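**Q** Here it is, the structure in full.
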Amino acid sequence: MQQTQQREITERISWARAMVFGVGFFFLAALLVGQLPSFISRDMTQASLAGFDQDLFSLAAICLAGFVVIQVIVMLFDPKPVVPPAIFSAIGTFLSVAGLALLLWALFTGNQYFPATTTSWNPLLGGKVLWFQPGAIDFVMLGAVVMGVGVAMIFYGVLAMREQTNPDRSDPGTTPAIRGMIIAGIVLLVAFMFFNTFINDQGLAYQIEPSNFGQAQTIIDAIINVLLGIAIFCVLGAFALRLHYLMRPVRKRTMSQMYAVATLGLAQVGAIFLLSWIVLYPVLTWIHSWTFIGLGSYLTVCARKAFIPQSCSFSQQASYIIDTVISTTSFAILMAAVYMWKSNRNLVIVGGVVIATILALATLVVHMSPDQIFVAFLLCGGGLVLATVWTTVARREFAVVGENNLGCLGMWLVVGTCLLVYVAAFGFFSIPGFHETEPNITFVSGTIIGVHAKTPVLAAPDAVVTFVLMGILAAIQFYFLVRNRYKV
């Protein structure tokens, strides 16, 4: 009887921890089953596939970058370095400098996208470079991804060198350094959110320099980009360090699972996106020529028959097929995670936080155009904060210590907190003005200094007000839920 009771105790999980895991899986489901398929579906049916081409390359880059970083982690910590850590630090330094140089060159020269409309090299199928249409590659995105991989190599190389002189393999929890990085990142993100709500950057530039507000806006945007970049690096650093500490005591049980997530997940998905980017226009031309039961005209739409494939896109029917494939695959993965929660919890946690991080970074890399980059930073930071909190509670920081039953009050705290988080999420995801996003709640920045335009633009801070109000109420309820230590 005593042994049976002990086994049952190990399966317990506090409602506070369960809620954090539930919120994490909710956002994973929303992004994998809802947002990602609709995002790709919209790109496929645009009049021009230039945006689809860029997004495929960006998604391939971030998935393959995640695969490379995980391979570095495995080679450095499973169970000891296979390659001297100093080599990874040296390679990371080179990649960081090269990525930063590429990013700055693309920004300051205005050559963000390649090929340009004036570029011509072995054109095929109406392309500029082979069959690639103008703007197929985003150099700013590519430089940022390369720099991120380099910084990750330096980071984990330094951690591996420290472990060679320190035999301690325990999990110190959420250390002051991790808390400091999380707080710094959140403060910068929240400060930008309020700044963007009250002051529009274009309107502020006009207030500062009416005769040359374009140059003033460039300076303002550069300052904001630097601050938001620092915020992302702080939160990403906190996540990387927290995940490192979480896995350190149980590497024998988690390294193989992380390797599986990288090779069977990120590498395969990245290869699919990369291959799709390479063959997009040749395949589109081939599909358009299908005559069997009219499949060519059923799956493709071409505005001008003399300009194929550059005037072509995929039909709504083709996008529905791809949408169904992605949604069904994502749903099956999520259901498999629920099924494996009790038998292989480490795989679910490691896979969940890694996928959440990749999705957060993917939100940033596919929205690096000047008119979308600010809010992309905000959404990316929010996703990384969620992943960091997830790794924090995975250490049982809200373990069951009390003996109180959940009770009526506890039930209302659980249900009410989930409802408030859900409504706050509606407000948060209504902030971006992305082309593929239909906001649930109205948001237009500039309540104090609005957009300078001939026709006045009315500001609407409704989304931010909803997010802040619901977030504060959810935090209060969650505090009381944690404070009372309700057990399952």
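Here's how to read the names in the structure tokens: chain A, B, ... by the order shown, residue numbers from 1 in each chain, ligand numbers from 1 in the order shown.
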Which residues are close to region 242-252 of chain A, i.e. within 10 Å by only C-alpha atoms, leaving aside same-chain residues fewer than 5 positions away? Reply as a ChimeraX atom specification.

**A** /A:73-74,77-79,156,159,168-175,177-179,236-237,257-258,346,350,353-354,387-395

**Q** Please, could you write that set of residues out with N, CA and C atoms as a CSV table (one decimal), in the first residue's frame?

**A**
chain,number,residue,atom,x,y,z
A,73,ILE,N,24.8,21.4,-29.3
A,73,ILE,CA,24.5,21.1,-27.9
A,73,ILE,C,24.8,19.6,-27.7
A,74,VAL,N,24.3,18.8,-28.6
A,74,VAL,CA,24.5,17.3,-28.5
A,74,VAL,C,26.0,17.0,-28.5
A,77,PHE,N,27.6,18.2,-25.0
A,77,PHE,CA,27.1,17.8,-23.7
A,77,PHE,C,26.5,16.4,-23.6
A,78,ASP,N,26.8,15.6,-24.6
A,78,ASP,CA,26.3,14.2,-24.6
A,78,ASP,C,27.4,13.2,-24.6
A,79,PRO,N,27.9,12.7,-23.5
A,79,PRO,CA,27.8,13.3,-22.1
A,79,PRO,C,28.9,14.3,-21.9
A,156,TYR,N,27.2,28.2,-25.9
A,156,TYR,CA,27.3,26.9,-25.5
A,156,TYR,C,28.7,26.4,-25.4
A,159,LEU,N,29.8,27.6,-22.0
A,159,LEU,CA,29.2,26.7,-21.0
A,159,LEU,C,30.0,25.4,-20.9
A,168,ASP,N,30.0,19.9,-11.0
A,168,ASP,CA,28.6,20.1,-10.6
A,168,ASP,C,27.7,19.9,-11.8
A,169,ARG,N,26.7,19.0,-11.7
A,169,ARG,CA,25.8,18.8,-12.8
A,169,ARG,C,24.3,18.9,-12.3
A,170,SER,N,24.2,19.6,-11.2
A,170,SER,CA,22.8,19.8,-10.6
A,170,SER,C,22.1,21.0,-11.4
A,171,ASP,N,20.8,21.1,-11.1
A,171,ASP,CA,20.0,22.1,-11.7
A,171,ASP,C,19.8,23.2,-10.7
A,172,PRO,N,20.5,24.4,-10.8
A,172,PRO,CA,20.4,25.5,-9.8
A,172,PRO,C,19.0,26.2,-9.9
A,173,GLY,N,18.2,25.8,-10.9
A,173,GLY,CA,16.9,26.5,-11.0
A,173,GLY,C,17.0,27.8,-11.7
A,174,THR,N,16.1,28.7,-11.5
A,174,THR,CA,16.0,30.0,-12.1
A,174,THR,C,17.0,30.9,-11.4
A,175,THR,N,18.2,31.0,-11.8
A,175,THR,CA,19.3,31.8,-11.2
A,175,THR,C,19.0,33.3,-11.3
A,177,ALA,N,20.9,35.4,-12.7
A,177,ALA,CA,21.2,35.8,-14.1
A,177,ALA,C,20.1,35.6,-15.0
A,178,ILE,N,19.4,34.4,-14.9
A,178,ILE,CA,18.2,34.1,-15.7
A,178,ILE,C,17.1,35.1,-15.4
A,179,ARG,N,16.9,35.4,-14.1
A,179,ARG,CA,15.8,36.3,-13.8
A,179,ARG,C,16.1,37.7,-14.3
A,236,LEU,N,16.1,35.2,-25.1
A,236,LEU,CA,16.6,34.0,-25.7
A,236,LEU,C,17.8,33.4,-24.9
A,237,GLY,N,18.6,34.3,-24.4
A,237,GLY,CA,19.7,33.9,-23.5
A,237,GLY,C,19.2,33.2,-22.2
A,257,GLN,N,16.5,12.5,-27.0
A,257,GLN,CA,15.2,13.0,-27.4
A,257,GLN,C,15.3,14.4,-28.1
A,258,MET,N,16.2,15.2,-27.6
A,258,MET,CA,16.5,16.5,-28.3
A,258,MET,C,17.1,16.2,-29.7
A,346,ASN,N,9.7,13.7,-20.6
A,346,ASN,CA,10.8,14.5,-21.0
A,346,ASN,C,10.8,14.8,-22.5
A,350,VAL,N,10.8,18.7,-23.7
A,350,VAL,CA,11.9,19.2,-24.5
A,350,VAL,C,11.4,19.5,-25.9
A,353,VAL,N,9.1,22.8,-25.8
A,353,VAL,CA,9.8,24.1,-25.6
A,353,VAL,C,10.6,24.4,-26.8
A,354,VAL,N,11.2,23.4,-27.5
A,354,VAL,CA,12.0,23.7,-28.7
A,354,VAL,C,11.1,24.1,-29.8
A,387,ALA,N,8.2,30.2,-23.6
A,387,ALA,CA,9.1,29.0,-23.6
A,387,ALA,C,10.0,29.0,-22.3
A,388,THR,N,10.5,30.2,-21.9
A,388,THR,CA,11.3,30.3,-20.7
A,388,THR,C,10.6,29.9,-19.5
A,389,VAL,N,9.3,30.4,-19.3
A,389,VAL,CA,8.5,30.1,-18.2
A,389,VAL,C,8.2,28.6,-18.2
A,390,TRP,N,8.0,28.0,-19.3
A,390,TRP,CA,7.7,26.6,-19.5
A,390,TRP,C,8.9,25.8,-18.9
A,391,THR,N,10.1,26.1,-19.3
A,391,THR,CA,11.3,25.4,-18.8
A,391,THR,C,11.5,25.6,-17.3
A,392,THR,N,11.0,26.8,-16.8
A,392,THR,CA,11.1,27.1,-15.4
A,392,THR,C,10.2,26.2,-14.5
A,393,VAL,N,8.9,26.1,-15.0
A,393,VAL,CA,8.0,25.2,-14.2
A,393,VAL,C,8.2,23.7,-14.4
A,394,ALA,N,9.0,23.4,-15.5
A,394,ALA,CA,9.3,22.0,-15.7
A,394,ALA,C,10.1,21.4,-14.6
A,395,ARG,N,10.8,22.3,-13.8
A,395,ARG,CA,11.6,21.8,-12.7
A,395,ARG,C,10.8,21.7,-11.4

**Q** DSSP on the backbone: what in region 298-434 of chain A comes out strand (DSSP E), as a ChimeraX atom specification?

**A** /A:300-302,312-314

**Q** Can you list every residue in region 215-419 of chain A that DSSP puts in helix (DSSP H, G or I), as a PyMOL selection string?

**A** chain A and resi 215-288+292-299+316-339+345-365+373-393+407-419

**Q** Find, counting only C-alpha atoms, the residue in A:Phe478, A:Phe434, A:Trp290, A:Phe39 that gets nearest to Cys418 (chain A).

**A**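 Smallest separation from Cys418 (chain A) among the options: A:Phe478.
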
**Q** How far is it from CA of Ile272 (chain A) to CA of Ser58 (chain A), in Å with one decimal?

**A**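 Between CA of Ile272 (chain A) and CA of Ser58 (chain A) the gap is 12.3 Å.
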
**Q** Using only C-alpha atoms, which of A:Trp286, A:Phe428, A:Phe155, A:Phe21 sits nearest Phe88 (chain A)?

**A**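 Nearest candidate to Phe88 (chain A) out of A:Trp286, A:Phe428, A:Phe155, A:Phe21: A:Phe155.
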
**Q** Just the residues within 8 Å of region 102-117 of chain A, please, counting only C-alpha atoms, with nothing from its chain fewer than 5 positions along; format it as a VMD selection string.

**A** chain A and resid 128 to 129 132 to 144

**Q** Just want the 12 Å neighbourhood of Thr324 (chain A), counted on only C-alpha atoms, with same-chain residues fewer than 6 positions away dropped. Output as a PDB file with C-alpha atoms, in the first residue's frame.

**A**
ATOM      1  CA  LEU A  32       0.596  24.848 -35.567  1.00  0.00           C
ATOM      2  CA  VAL A  33      -3.020  23.969 -36.323  1.00  0.00           C
ATOM      3  CA  GLY A  34      -4.341  27.468 -37.033  1.00  0.00           C
ATOM      4  CA  LEU A  36       0.877  28.398 -39.740  1.00  0.00           C
ATOM      5  CA  PRO A  37      -1.481  26.650 -42.216  1.00  0.00           C
ATOM      6  CA  SER A  38      -3.455  29.851 -42.834  1.00  0.00           C
ATOM      7  CA  ILE A  40       1.064  29.406 -45.932  1.00  0.00           C
ATOM      8  CA  SER A  41      -2.380  29.212 -47.547  1.00  0.00           C
ATOM      9  CA  GLN A 317      -8.298  24.531 -53.902  1.00  0.00           C
ATOM     10  CA  ALA A 318      -4.544  23.876 -53.872  1.00  0.00           C
ATOM     11  CA  SER A 330       0.223  19.183 -36.521  1.00  0.00           C
ATOM     12  CA  PHE A 331      -2.924  17.883 -34.824  1.00  0.00           C
ATOM     13  CA  ALA A 332      -1.585  14.317 -34.922  1.00  0.00           C
TER      14      ALA A 332
END
